[in-house]
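S.K.: What follows is work-v5.tsv, TSV, C-alpha atoms and all ligand atoms.
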```tsv
chain	number	residue	atom	x	y	z
A	142	MET	CA	40.67	-60.07	49.96
A	143	ILE	CA	43.30	-57.92	48.24
A	144	LYS	CA	43.71	-54.65	50.16
A	145	VAL	CA	43.94	-51.73	47.74
A	146	ALA	CA	44.89	-48.13	48.56
A	147	ILE	CA	44.09	-45.35	46.09
A	148	ASN	CA	46.56	-42.44	46.13
A	149	GLY	CA	45.17	-39.52	44.11
A	150	TYR	CA	41.40	-39.33	43.89
A	151	GLY	CA	40.81	-37.32	40.71
A	152	THR	CA	39.41	-38.36	37.34
A	153	ILE	CA	41.06	-41.80	37.32
A	154	GLY	CA	41.44	-42.49	41.06
A	155	ARG	CA	37.78	-42.10	41.97
A	156	ARG	CA	36.71	-44.41	39.14
A	157	VAL	CA	39.27	-47.08	40.02
A	158	ALA	CA	38.11	-46.88	43.66
A	159	ASP	CA	34.52	-47.59	42.59
A	160	ALA	CA	35.60	-50.41	40.26
A	161	VAL	CA	37.70	-52.09	42.98
A	162	ARG	CA	34.77	-51.79	45.39
A	163	MET	CA	32.58	-53.73	42.92
A	164	GLN	CA	34.93	-56.76	42.85
A	165	LYS	CA	34.43	-59.77	45.13
A	166	ASP	CA	38.13	-60.40	45.72
A	167	MET	CA	39.41	-56.92	46.60
A	168	THR	CA	38.57	-54.02	48.86
A	169	VAL	CA	39.51	-50.33	49.10
A	170	VAL	CA	41.28	-49.77	52.43
A	171	GLY	CA	41.43	-46.02	51.89
A	172	ILE	CA	41.77	-43.16	49.45
A	173	VAL	CA	44.21	-40.25	49.62
A	174	LYS	CA	42.92	-36.75	48.90
A	175	ALA	CA	45.06	-33.66	48.44
A	176	ASN	CA	42.37	-31.12	49.36
A	177	PRO	CA	39.25	-31.07	51.54
A	178	ASP	CA	36.97	-30.17	48.63
A	179	TYR	CA	33.50	-31.37	47.52
A	180	VAL	CA	35.03	-34.56	46.09
A	181	ALA	CA	36.54	-35.38	49.50
A	182	GLN	CA	33.17	-34.66	51.16
A	183	GLU	CA	31.41	-37.16	48.89
A	184	ALA	CA	34.23	-39.74	49.07
A	185	SER	CA	34.10	-39.77	52.87
A	186	LYS	CA	30.55	-41.18	52.69
A	187	THR	CA	31.92	-44.36	51.06
A	188	PHE	CA	35.66	-44.62	51.69
A	189	ARG	CA	38.14	-44.07	54.52
A	190	VAL	CA	39.86	-40.78	53.61
A	191	TYR	CA	43.55	-40.05	54.24
A	192	ALA	CA	45.51	-36.84	53.77
A	193	ILE	CA	48.88	-36.74	51.96
A	194	MET	CA	50.77	-35.62	55.08
A	195	LYS	CA	50.07	-35.11	58.78
A	196	GLU	CA	50.20	-31.33	58.25
A	197	ASN	CA	47.15	-31.53	55.96
A	198	ILE	CA	44.86	-33.40	58.34
A	199	GLU	CA	43.66	-30.32	60.22
A	200	ALA	CA	42.40	-28.69	57.01
A	201	PHE	CA	40.09	-31.69	56.41
A	202	ARG	CA	38.82	-31.64	60.01
A	203	LYS	CA	38.00	-27.92	59.67
A	204	GLU	CA	35.67	-28.90	56.80
A	205	ASN	CA	34.14	-31.65	58.96
A	206	ILE	CA	35.64	-34.40	56.82
A	207	ASP	CA	36.52	-37.47	58.82
A	208	VAL	CA	40.23	-38.25	58.16
A	209	GLN	CA	41.84	-41.51	59.25
A	210	GLY	CA	45.45	-40.34	59.01
A	211	GLU	CA	48.12	-39.75	56.40
A	212	LEU	CA	49.27	-41.63	53.28
A	213	GLU	CA	52.11	-43.43	55.11
A	214	THR	CA	49.65	-44.89	57.64
A	215	LEU	CA	47.45	-46.15	54.80
A	216	LEU	CA	50.40	-47.74	53.01
A	217	GLY	CA	51.00	-49.86	56.12
A	218	GLU	CA	47.52	-51.38	55.69
A	219	ALA	CA	47.58	-52.05	51.93
A	220	ASP	CA	48.84	-54.90	49.72
A	221	ILE	CA	48.91	-52.66	46.66
A	222	VAL	CA	48.46	-48.97	45.89
A	223	VAL	CA	46.92	-47.54	42.74
A	224	ASP	CA	48.73	-44.24	42.23
A	225	ALA	CA	46.50	-41.87	40.23
A	226	THR	CA	48.26	-38.64	41.15
A	227	PRO	CA	49.03	-36.02	38.46
A	228	GLU	CA	51.65	-37.02	35.89
A	229	GLY	CA	55.19	-37.01	37.23
A	230	GLN	CA	54.09	-37.40	40.86
A	231	GLY	CA	53.90	-41.20	40.61
A	232	GLU	CA	57.63	-41.34	39.84
A	233	LYS	CA	58.31	-39.32	43.00
A	234	ASN	CA	56.01	-41.54	45.10
A	235	ILE	CA	57.59	-44.83	44.12
A	236	GLU	CA	60.38	-44.49	46.73
A	237	LEU	CA	57.72	-44.27	49.43
A	238	TYR	CA	56.05	-47.42	48.11
A	239	ARG	CA	59.40	-49.23	48.15
A	240	LYS	CA	59.97	-48.09	51.74
A	241	HIS	CA	56.60	-49.54	52.81
A	242	LYS	CA	57.10	-52.72	50.70
A	243	VAL	CA	53.78	-52.16	48.99
A	244	LYS	CA	53.20	-52.99	45.32
A	245	ALA	CA	52.19	-50.05	43.13
A	246	ILE	CA	50.41	-49.34	39.88
A	247	LEU	CA	51.29	-46.05	38.19
A	248	GLN	CA	49.27	-44.44	35.38
A	249	GLY	CA	49.96	-43.46	31.79
A	250	GLY	CA	51.21	-39.97	32.61
A	251	GLU	CA	54.42	-41.54	33.97
A	252	LYS	CA	57.38	-42.50	31.82
A	253	SER	CA	57.51	-46.21	30.92
A	254	SER	CA	61.06	-46.42	32.30
A	255	VAL	CA	59.84	-45.74	35.87
A	256	THR	CA	58.31	-49.22	36.24
A	257	GLY	CA	59.91	-51.02	33.30
A	258	ILE	CA	56.64	-52.94	32.76
A	259	SER	CA	53.56	-51.46	31.12
A	260	PHE	CA	50.12	-53.07	31.17
A	261	ASN	CA	47.17	-53.64	28.90
A	262	ALA	CA	44.77	-56.47	29.76
A	263	TYR	CA	44.22	-57.74	26.21
A	264	SER	CA	47.80	-57.52	25.01
A	265	ASN	CA	50.16	-58.38	27.88
A	266	PHE	CA	48.36	-59.38	31.11
A	267	THR	CA	51.00	-61.98	32.03
A	268	ASP	CA	54.00	-59.59	31.76
A	269	SER	CA	52.90	-58.05	35.10
A	270	TRP	CA	52.45	-61.41	36.85
A	271	GLY	CA	53.85	-61.10	40.39
A	272	LYS	CA	55.60	-57.79	39.60
A	273	ASP	CA	55.91	-55.03	42.22
A	274	TYR	CA	55.68	-51.90	40.01
A	275	VAL	CA	53.64	-51.63	36.84
A	276	ARG	CA	52.33	-48.76	34.71
A	277	VAL	CA	48.86	-48.94	33.14
A	278	VAL	CA	49.27	-47.17	29.80
A	279	SER	CA	47.36	-43.95	29.01
A	280	CYS	CA	43.78	-43.70	27.76
A	281	ASN	CA	44.89	-43.24	24.13
A	282	THR	CA	47.40	-46.08	24.25
A	283	THR	CA	44.83	-48.34	25.95
A	284	GLY	CA	42.40	-47.60	23.11
A	285	LEU	CA	44.98	-48.41	20.45
A	286	ALA	CA	46.28	-51.49	22.30
A	287	ARG	CA	42.82	-53.03	22.67
A	288	THR	CA	41.88	-52.95	19.01
A	289	MET	CA	45.44	-53.63	17.83
A	290	SER	CA	45.71	-56.83	19.92
A	291	VAL	CA	42.61	-58.19	18.20
A	292	ILE	CA	43.93	-57.32	14.73
A	293	LYS	CA	47.34	-58.77	15.54
A	294	GLU	CA	45.76	-62.00	16.80
A	295	LYS	CA	43.55	-62.36	13.69
A	296	PHE	CA	45.63	-60.99	10.81
A	297	GLY	CA	49.10	-60.04	12.09
A	298	VAL	CA	50.27	-56.40	12.15
A	299	MET	CA	53.30	-55.09	10.24
A	300	LYS	CA	52.70	-51.40	10.81
A	301	VAL	CA	50.21	-49.03	12.39
A	302	ASP	CA	49.85	-45.34	11.63
A	303	ALA	CA	47.16	-43.44	13.54
A	304	THR	CA	45.91	-39.89	13.79
A	305	LEU	CA	44.69	-39.06	17.27
A	306	VAL	CA	42.20	-36.23	17.65
A	307	ARG	CA	42.53	-35.50	21.35
A	308	ARG	CA	40.09	-33.89	23.74
A	309	ALA	CA	41.55	-30.70	25.22
A	310	THR	CA	40.85	-31.54	28.85
A	311	ASP	CA	38.44	-33.45	31.11
A	312	PRO	CA	34.89	-32.18	31.79
A	313	ASN	CA	35.70	-31.18	35.39
A	314	ASP	CA	38.74	-29.10	34.42
A	315	SER	CA	38.21	-25.46	33.44
A	316	ARG	CA	41.88	-24.45	33.55
A	317	LYS	CA	43.19	-25.99	30.32
A	318	GLY	CA	42.52	-25.35	26.63
A	319	PRO	CA	42.56	-24.82	23.75
A	320	ILE	CA	39.12	-23.21	23.74
A	321	ASN	CA	39.15	-21.83	20.20
A	322	SER	CA	41.97	-23.40	18.22
A	323	ILE	CA	43.35	-26.70	16.98
A	324	GLU	CA	46.72	-27.63	18.43
A	325	PRO	CA	48.89	-30.20	16.62
A	326	SER	CA	51.63	-32.03	18.49
A	327	LEU	CA	54.88	-30.77	16.94
A	328	LYS	CA	56.78	-33.94	17.67
A	329	PHE	CA	56.64	-36.81	15.19
A	330	PRO	CA	55.75	-39.45	16.04
A	331	SER	CA	53.74	-38.29	19.05
A	332	HIS	CA	54.60	-40.31	22.18
A	333	HIS	CA	51.57	-42.60	21.68
A	334	GLY	CA	53.15	-44.68	18.89
A	335	PRO	CA	56.27	-45.66	20.88
A	336	ASP	CA	54.05	-46.09	23.96
A	337	LEU	CA	51.87	-48.61	22.11
A	338	LYS	CA	54.96	-50.71	21.50
A	339	THR	CA	55.49	-51.04	25.28
A	340	VAL	CA	52.40	-53.27	25.44
A	341	VAL	CA	51.87	-54.73	21.93
A	342	GLN	CA	54.73	-56.28	19.95
A	343	ILE	CA	54.48	-54.66	16.51
A	344	PRO	CA	57.36	-53.72	14.19
A	345	GLU	CA	56.31	-50.11	13.53
A	346	ALA	CA	53.87	-47.69	15.16
A	347	THR	CA	53.61	-44.01	14.29
A	348	THR	CA	51.05	-41.51	15.54
A	349	VAL	CA	50.14	-37.87	15.04
A	350	ALA	CA	48.18	-36.11	17.80
A	351	ILE	CA	45.96	-33.07	17.36
A	352	LYS	CA	44.21	-31.40	20.31
A	353	VAL	CA	40.74	-29.95	19.75
A	354	PRO	CA	38.34	-27.91	21.95
A	355	THR	CA	36.15	-30.68	23.35
A	356	THR	CA	36.06	-32.47	26.70
A	357	LEU	CA	34.08	-35.57	25.73
A	358	MET	CA	36.35	-38.16	24.08
A	359	HIS	CA	39.37	-38.78	21.87
A	360	VAL	CA	38.84	-40.01	18.28
A	361	HIS	CA	41.43	-42.13	16.47
A	362	SER	CA	41.65	-42.69	12.74
A	363	VAL	CA	43.70	-45.88	12.47
A	364	ASN	CA	45.52	-47.23	9.43
A	365	VAL	CA	47.02	-50.71	9.80
A	366	THR	CA	49.24	-52.70	7.44
A	367	THR	CA	48.34	-56.31	8.09
A	368	GLU	CA	50.38	-59.45	7.39
A	369	LYS	CA	47.36	-61.23	5.91
A	370	THR	CA	45.71	-60.00	2.72
A	371	LEU	CA	42.15	-58.91	3.45
A	372	ALA	CA	38.84	-58.39	1.70
A	373	GLN	CA	35.91	-56.44	3.16
A	374	ASN	CA	34.01	-59.57	4.21
A	375	ASP	CA	36.98	-60.67	6.38
A	376	VAL	CA	36.30	-57.75	8.73
A	377	SER	CA	32.49	-57.75	8.97
A	378	ASP	CA	32.58	-59.02	12.58
A	379	LEU	CA	36.13	-57.84	13.36
A	380	PHE	CA	35.64	-56.91	17.03
A	381	SER	CA	32.55	-58.90	17.96
A	382	GLY	CA	33.08	-61.15	20.97
A	383	TYR	CA	35.59	-58.70	22.51
A	384	ARG	CA	33.66	-57.20	25.41
A	385	ARG	CA	35.87	-54.13	25.84
A	386	ILE	CA	35.24	-52.98	22.27
A	387	ILE	CA	31.75	-51.86	21.29
A	388	GLY	CA	30.48	-51.39	17.74
A	389	VAL	CA	28.53	-48.17	17.15
A	390	SER	CA	26.72	-47.08	14.02
A	391	GLY	CA	25.49	-43.98	12.23
A	392	LYS	CA	22.39	-46.01	11.31
A	393	ALA	CA	21.55	-46.15	15.02
A	394	GLY	CA	22.02	-42.38	15.29
A	395	ILE	CA	25.59	-42.39	16.59
A	396	THR	CA	27.42	-40.00	14.31
A	397	SER	CA	29.66	-38.18	16.80
A	398	THR	CA	31.17	-38.41	20.27
A	399	ALA	CA	28.12	-36.53	21.59
A	400	GLN	CA	25.91	-39.55	20.85
A	401	VAL	CA	28.54	-42.06	22.04
A	402	MET	CA	28.55	-40.36	25.42
A	403	ASP	CA	24.75	-40.09	25.41
A	404	MET	CA	24.60	-43.83	24.75
A	405	ALA	CA	26.75	-44.44	27.85
A	406	ARG	CA	24.34	-42.33	29.90
A	407	GLU	CA	21.38	-44.28	28.49
A	408	MET	CA	23.18	-47.49	29.46
A	409	GLY	CA	22.89	-46.19	33.02
A	410	ARG	CA	26.63	-45.98	33.56
A	411	LYS	CA	27.72	-44.05	36.66
A	412	ARG	CA	29.25	-40.69	35.63
A	413	GLY	CA	28.25	-41.54	32.03
A	414	ASP	CA	31.39	-43.68	31.68
A	415	LEU	CA	32.12	-45.81	28.62
A	416	PHE	CA	34.77	-48.35	29.58
A	417	GLU	CA	34.61	-49.91	26.10
A	418	ILE	CA	36.38	-48.51	23.02
A	419	ALA	CA	33.68	-47.49	20.51
A	420	VAL	CA	34.42	-48.40	16.87
A	421	TRP	CA	32.21	-47.05	14.10
A	422	LYS	CA	31.09	-50.12	12.14
A	423	GLU	CA	30.80	-48.12	8.88
A	424	SER	CA	34.43	-46.98	9.20
A	425	ILE	CA	35.95	-50.48	9.04
A	426	TYR	CA	37.53	-50.82	5.61
A	427	ALA	CA	39.78	-53.59	4.35
A	428	SER	CA	41.60	-53.98	1.05
A	429	GLY	CA	44.77	-55.94	0.38
A	430	ASN	CA	47.06	-55.43	3.37
A	431	ASN	CA	45.34	-52.25	4.46
A	432	LEU	CA	42.81	-52.07	7.30
A	433	ARG	CA	41.27	-48.80	8.45
A	434	TYR	CA	38.78	-47.85	11.13
A	435	ILE	CA	37.75	-44.97	13.39
A	436	GLN	CA	37.34	-45.35	17.14
A	437	ALA	CA	36.33	-43.16	20.05
A	438	VAL	CA	37.99	-43.39	23.49
A	439	HIS	CA	36.38	-42.24	26.72
A	440	GLN	CA	39.53	-40.89	28.32
A	441	GLU	CA	38.11	-40.71	31.83
A	442	SER	CA	37.22	-44.39	32.07
A	443	ASP	CA	38.77	-46.82	29.54
A	444	VAL	CA	41.81	-47.47	31.78
A	445	VAL	CA	39.66	-48.35	34.80
A	446	PRO	CA	39.08	-52.09	34.09
A	447	GLU	CA	42.78	-52.32	33.17
A	448	ASN	CA	43.76	-51.14	36.67
A	449	VAL	CA	41.58	-53.88	38.21
A	450	ASP	CA	43.17	-56.58	36.03
A	451	ALA	CA	46.66	-55.22	36.70
A	452	ILE	CA	46.00	-55.65	40.44
A	453	ARG	CA	45.11	-59.34	39.89
A	454	SER	CA	48.11	-59.98	37.66
A	455	MET	CA	50.56	-58.35	40.10
A	456	MET	CA	48.97	-60.16	43.06
A	457	GLN	CA	48.94	-63.45	41.10
A	458	ALA	CA	45.28	-63.71	42.00
A	459	MET	CA	43.65	-64.93	38.76
A	460	ASP	CA	44.70	-65.89	35.26
A	461	LYS	CA	43.93	-63.56	32.36
A	462	GLU	CA	40.62	-65.01	31.16
A	463	LYS	CA	39.21	-65.33	34.68
A	464	SER	CA	40.28	-61.85	35.70
A	465	LEU	CA	38.86	-60.17	32.60
A	466	SER	CA	35.56	-62.05	33.00
A	467	GLU	CA	35.31	-61.13	36.68
A	468	THR	CA	36.11	-57.46	36.04
A	469	ASP	CA	33.67	-57.24	33.14
A	470	ARG	CA	30.90	-59.05	35.03
A	471	ALA	CA	31.26	-56.78	38.07
A	472	MET	CA	31.40	-53.61	35.94
A	473	GLN	CA	28.77	-54.85	33.45
A	474	ILE	CA	31.11	-54.41	30.52
A	475	GLY	CA	30.04	-55.94	27.21
A	476	GLY	CA	26.58	-56.91	28.36
A	477	ILE	CA	27.79	-59.44	30.99
A	501	LIG	P1	43.51	-35.51	38.15
A	501	LIG	O1	44.20	-34.21	38.19
A	501	LIG	O2	42.09	-35.58	37.74
A	501	LIG	O3	43.61	-36.22	39.57
A	501	LIG	C1	44.77	-36.24	40.34
A	501	LIG	C2	44.35	-36.10	41.79
A	501	LIG	O4	45.51	-36.24	42.62
A	501	LIG	C3	43.73	-34.74	42.11
A	501	LIG	O5	42.60	-34.97	42.91
A	501	LIG	C4	44.84	-34.01	42.91
A	501	LIG	O6	44.31	-33.10	43.83
A	501	LIG	C5	45.53	-35.17	43.59
A	501	LIG	N1	46.91	-34.92	43.97
A	501	LIG	C6	47.76	-33.96	43.54
A	501	LIG	N2	48.98	-34.15	44.10
A	501	LIG	C7	48.88	-35.24	44.89
A	501	LIG	C8	49.82	-35.93	45.72
A	501	LIG	N3	51.09	-35.53	45.84
A	501	LIG	N4	49.38	-37.02	46.38
A	501	LIG	C9	48.10	-37.46	46.27
A	501	LIG	N5	47.18	-36.85	45.50
A	501	LIG	C10	47.58	-35.74	44.80
A	501	LIG	O7	44.41	-36.46	37.24
A	501	LIG	P2	43.92	-37.70	36.40
A	501	LIG	O8	43.36	-37.22	35.12
A	501	LIG	O9	43.12	-38.62	37.26
A	501	LIG	O10	45.32	-38.36	36.04
A	501	LIG	C11	46.02	-39.19	36.93
A	501	LIG	C12	46.99	-40.05	36.14
A	501	LIG	O11	46.23	-40.84	35.22
A	501	LIG	C13	48.00	-39.28	35.29
A	501	LIG	O12	49.17	-40.03	35.19
A	501	LIG	C14	47.31	-39.20	33.93
A	501	LIG	O13	48.22	-39.00	32.88
A	501	LIG	C15	46.67	-40.58	33.89
A	501	LIG	N6	45.51	-40.69	32.99
A	501	LIG	C16	44.61	-39.67	32.87
A	501	LIG	C17	43.55	-39.82	32.01
A	501	LIG	C18	42.56	-38.73	31.78
A	501	LIG	O14	42.09	-38.57	30.66
A	501	LIG	N7	42.19	-37.95	32.76
A	501	LIG	C19	43.37	-41.01	31.30
A	501	LIG	C20	44.28	-42.06	31.49
A	501	LIG	C21	45.36	-41.88	32.34
```
Could the structure of this file be written out as structure tokens, please?

M.R.:
Amino acid sequence: MIKVAINGYGTIGRRVADAVRMQKDMTVVGIVKANPDYVAQEASKTFRVYAIMKENIEAFRKENIDVQGELETLLGEADIVVDATPEGQGEKNIELYRKHKVKAILQGGEKSSVTGISFNAYSNFTDSWGKDYVRVVSCNTTGLARTMSVIKEKFGVMKVDATLVRRATDPNDSRKGPINSIEPSLKFPSHHGPDLKTVVQIPEATTVAIKVPTTLMHVHSVNVTTEKTLAQNDVSDLFSGYRRIIGVSGKAGITSTAQVMDMAREMGRKRGDLFEIAVWKESIYASGNNLRYIQAVHQESDVVPENVDAIRSMMQAMDKEKSLSETDRAMQIGGI
């Protein structure tokens, strides 16, 4: 059993903890919470809870939350830590992980230079094989990397240019906006294009990002220049057979992110998560060397299966196909 510690139990950390718990070959040895809030209360029913530092332990006990100790104690018990602390904190924590000789996965909010290796299960599983420090790319980059790896494999990719319509914040966060405006990223390309190139080898990737007042999902309008010349019938079943990409359709009543998220709830997914990238079937258009499509990304959950596979790659536990199948079977991704 691979012993996994989760440091940072927010949007991403709590989902990775659940996903690890579902696997046969790994276990959660503990989670680290910053505050003794309602999330800590609930977590303590399932996981061993640790505070960041000794000084914080008393605050948890005052709220009747059973605390096992501090982060450094937990690190002594783990083979690998999934760091899902707020962006920038992972970089600070890495020294501590080195000190305790524990492998660590950082998330997409960290700079790629901090680990040197970035991860996406479809595009570069083996690059993380046996490595000590790896970054799972962000929700947006994961979405782009998944579909782009398929296109690259089938048709070759010369260039990608995508417009990313980004959710303002997550559903549990009432501090951030915008609440009544549309906020373009003033940097071109936005960081997502260069970030995509850390996991998929493509000559050119440019992105524009625009933040809108919604919490549900991101939507990407993707424009790819392919190596192969295409006709519409070449792309009729473009993503079928790839479990982490799901085709959705206006004909089935899915015309916006509201229905994509409702579909995930109808699928019975915990927290209404959609681990798969949803591609609108009607939006897939091919002509000459141009391929276009529109996809929706559930920012809170698409990186979760990637964290599980990154653990196996870093621990040299399973090869790519076996790991992806195991993760998908345990999490019921793609109808497995
Ligand atoms: P979050 O704010 O929801 O959760 C972070 C948690 O860490 C919070 O519970 C916070 O209290 C806790 N925390 C704060 N400081 C800490 C510390 N020093 N030690 C331990 N815990 C601490 O953040 P998130 O959205 O889960 O993001 C975590 C990482 O994942 C970031 O790098 C982010 O960029 C990345 N990411 C986020 C999303 C998303 O859409 N939310 C998607 C993909 C990747």

S.K.: Would you give me, as a Markdown table, each residue of chain A having an atom within 7 Å of an atom of ligand LIG 501 (chain A), along with its shortest atom pair and that distance in Å to one decimal, using all atoms listed in the file and sorting by chain and residue number?

M.R.:
```
| residue | atom | partner | partner_atom | distance |
| --- | --- | --- | --- | --- |
| A:Asn148 | CA | A:LIG501 | C9 | 5.2 |
| A:Gly149 | CA | A:LIG501 | O4 | 3.6 |
| A:Tyr150 | CA | A:LIG501 | O5 | 4.6 |
| A:Gly151 | CA | A:LIG501 | O3 | 3.2 |
| A:Thr152 | CA | A:LIG501 | O9 | 3.7 |
| A:Ile153 | CA | A:LIG501 | O9 | 3.8 |
| A:Gly154 | CA | A:LIG501 | O9 | 5.7 |
| A:Val173 | CA | A:LIG501 | C9 | 5.8 |
| A:Lys174 | CA | A:LIG501 | N5 | 5.5 |
| A:Ala175 | CA | A:LIG501 | O6 | 4.7 |
| A:Asn176 | CA | A:LIG501 | O6 | 6.2 |
| A:Ile193 | CA | A:LIG501 | N4 | 5.6 |
| A:Ala225 | CA | A:LIG501 | C11 | 4.3 |
| A:Thr226 | CA | A:LIG501 | O4 | 3.9 |
| A:Pro227 | CA | A:LIG501 | C11 | 4.6 |
| A:Glu228 | CA | A:LIG501 | O12 | 4.0 |
| A:Gln230 | CA | A:LIG501 | N3 | 6.1 |
| A:Gln248 | CA | A:LIG501 | O12 | 4.4 |
| A:Gly249 | CA | A:LIG501 | C15 | 4.9 |
| A:Gly250 | CA | A:LIG501 | O13 | 3.2 |
| A:Glu251 | CA | A:LIG501 | O12 | 5.6 |
| A:Ser279 | CA | A:LIG501 | C20 | 4.4 |
| A:Cys280 | CA | A:LIG501 | C20 | 4.1 |
| A:Asp311 | CA | A:LIG501 | N7 | 6.1 |
| A:Gln440 | CA | A:LIG501 | O14 | 4.2 |
| A:Glu441 | CA | A:LIG501 | O14 | 4.7 |
| A:Val444 | CA | A:LIG501 | C20 | 6.0 |
```

S.K.: Set the distance at 10 Å and use all atoms listed in the file: which residues neighbour A:Phe188 once local chain neighbours fewer than 5 positions away are removed? I'd like the list as a list of chain:residue names.

M.R.: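 Close residues of A:Phe188: A:Ala158, A:Asp159, A:Arg162, A:Val169, A:Val170, A:Gly171, A:Ile172, A:Val173, A:Ala181, A:Glu183.
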
S.K.: Within 6 Å of stretch 357-365 of chain A, which residues of stretch 210-329 of chain A come that close, and what is the closest atom pair and distance in Å for each? Count only C-alpha atoms and give it as a Markdown table.

M.R.:
```
| residue | atom | partner | partner_atom | distance |
| --- | --- | --- | --- | --- |
| A:Lys300 | CA | A:Val365 | CA | 5.8 |
| A:Val301 | CA | A:Val365 | CA | 4.4 |
| A:Asp302 | CA | A:Asn364 | CA | 5.2 |
| A:Ala303 | CA | A:Val363 | CA | 4.4 |
| A:Thr304 | CA | A:Ser362 | CA | 5.2 |
| A:Leu305 | CA | A:His361 | CA | 4.5 |
| A:Val306 | CA | A:Val360 | CA | 5.1 |
| A:Arg307 | CA | A:His359 | CA | 4.6 |
| A:Arg308 | CA | A:His359 | CA | 5.3 |
```

S.K.: What does the distance between atom CA of A:Val145 and atom CA of A:Val161 come to in Å, to one decimal place?

M.R.: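 Distance reported for this atom pair: 7.9 Å.
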
S.K.: Counting only C-alpha atoms, note down every residue that has an atom within 10 Å of the point (30.1, -37.8, 23.3) (file coordinates), as a short mmCIF file (atom, residue, chain, number, x, y, z; two decimals) with C-alpha atoms, keeping the file's coordinate frame.

M.R.:
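Here's the written file point39.cif:
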```cif
data_model
loop_
_atom_site.label_atom_id
_atom_site.label_comp_id
_atom_site.auth_asym_id
_atom_site.auth_seq_id
_atom_site.Cartn_x
_atom_site.Cartn_y
_atom_site.Cartn_z
CA THR A 355 36.15 -30.68 23.35
CA THR A 356 36.06 -32.47 26.70
CA LEU A 357 34.08 -35.57 25.73
CA MET A 358 36.35 -38.16 24.08
CA HIS A 359 39.37 -38.78 21.87
CA ILE A 395 25.59 -42.39 16.59
CA THR A 396 27.42 -40.00 14.31
CA SER A 397 29.66 -38.18 16.80
CA THR A 398 31.17 -38.41 20.27
CA ALA A 399 28.12 -36.53 21.59
CA GLN A 400 25.91 -39.55 20.85
CA VAL A 401 28.54 -42.06 22.04
CA MET A 402 28.55 -40.36 25.42
CA ASP A 403 24.75 -40.09 25.41
CA MET A 404 24.60 -43.83 24.75
CA ALA A 405 26.75 -44.44 27.85
CA ARG A 406 24.34 -42.33 29.90
CA GLY A 413 28.25 -41.54 32.03
CA LEU A 415 32.12 -45.81 28.62
CA ALA A 437 36.33 -43.16 20.05
CA VAL A 438 37.99 -43.39 23.49
CA HIS A 439 36.38 -42.24 26.72
#
```

S.K.: Quick one: distance from atom CA of A:Ala393 to atom CA of A:Ile435 in Å, one decimal?

M.R.: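 According to the coordinates, atom CA of A:Ala393 and atom CA of A:Ile435 are separated by 16.3 Å.
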
S.K.: Mind listing as a list in words all residues within 9 Å of (54.8, -60.2, 32.3), counting all atoms listed in the file?

M.R.: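 Those residues lying close to the given coordinates are Ile258, Ser259, Phe260, Asn265, Phe266, Thr267, Asp268, Ser269, Trp270, Gly271, Lys272 and Ser454 of chain A.
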
S.K.: Between A:Lys144, A:Lys411, A:Lys461, A:Arg433, which one has atoms that come closest to A:Leu379, using all atoms listed in the file?

M.R.: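 Of A:Lys144, A:Lys411, A:Lys461, A:Arg433, the one nearest A:Leu379 is A:Arg433, counting all atoms listed in the file.
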
S.K.: Can you tell me which residues surround A:Asn205 at a distance of at most 12 Å, considering only C-alpha atoms, apart from same-chain residues fewer than 3 positions away, and format the answer as number ranges by chain?

M.R.: A: 177-179, 181-183, 185-186, 198-202, 208

S.K.: With distances taken over only C-alpha atoms, which residue among A:Val353, A:Val376, A:Met289, A:Ile246 lies nearest A:Gly334?

M.R.: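 Under the stated criterion, the closest residue is A:Met289.
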
S.K.: What does the distance from atom CA of A:Asp166 to atom CA of A:Ile143 come to in Å, to one decimal?

M.R.: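 Distance reported for this atom pair: 6.3 Å.
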
S.K.: Counting all atoms listed in the file, which residue out of A:Asn448, A:Ser253, A:Thr347, A:Thr282 sits closest to A:Leu465?

M.R.: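 Under the stated criterion, the closest residue is A:Asn448.
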
S.K.: Calculated over only C-alpha atoms, which of the candidates A:Lys352, A:Ile292, A:Ala419, A:Val275 has the smallest distance to A:Ile320?

M.R.: A:Lys352

S.K.: Measuring between all atoms listed in the file, which one of A:Asn261, A:Thr256, A:Ser466, A:Gln373 shows the shortest distance to A:Ser424?

M.R.: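 Of A:Asn261, A:Thr256, A:Ser466, A:Gln373, the one nearest A:Ser424, counting all atoms listed in the file, is A:Gln373.
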
S.K.: Can you pull out the residues contacting A:Ile235? Cut-off 10 Å, using all atoms listed in the file, and skip same-chain residues under 5 positions away; I want them as a count of residues only.

M.R.: 12

S.K.: Of the candidates A:His333, A:Arg156, A:Lys422, A:Lys233, which shows the shortest atom-to-atom distance to A:Arg410, using all atoms listed in the file?

M.R.: A:Arg156
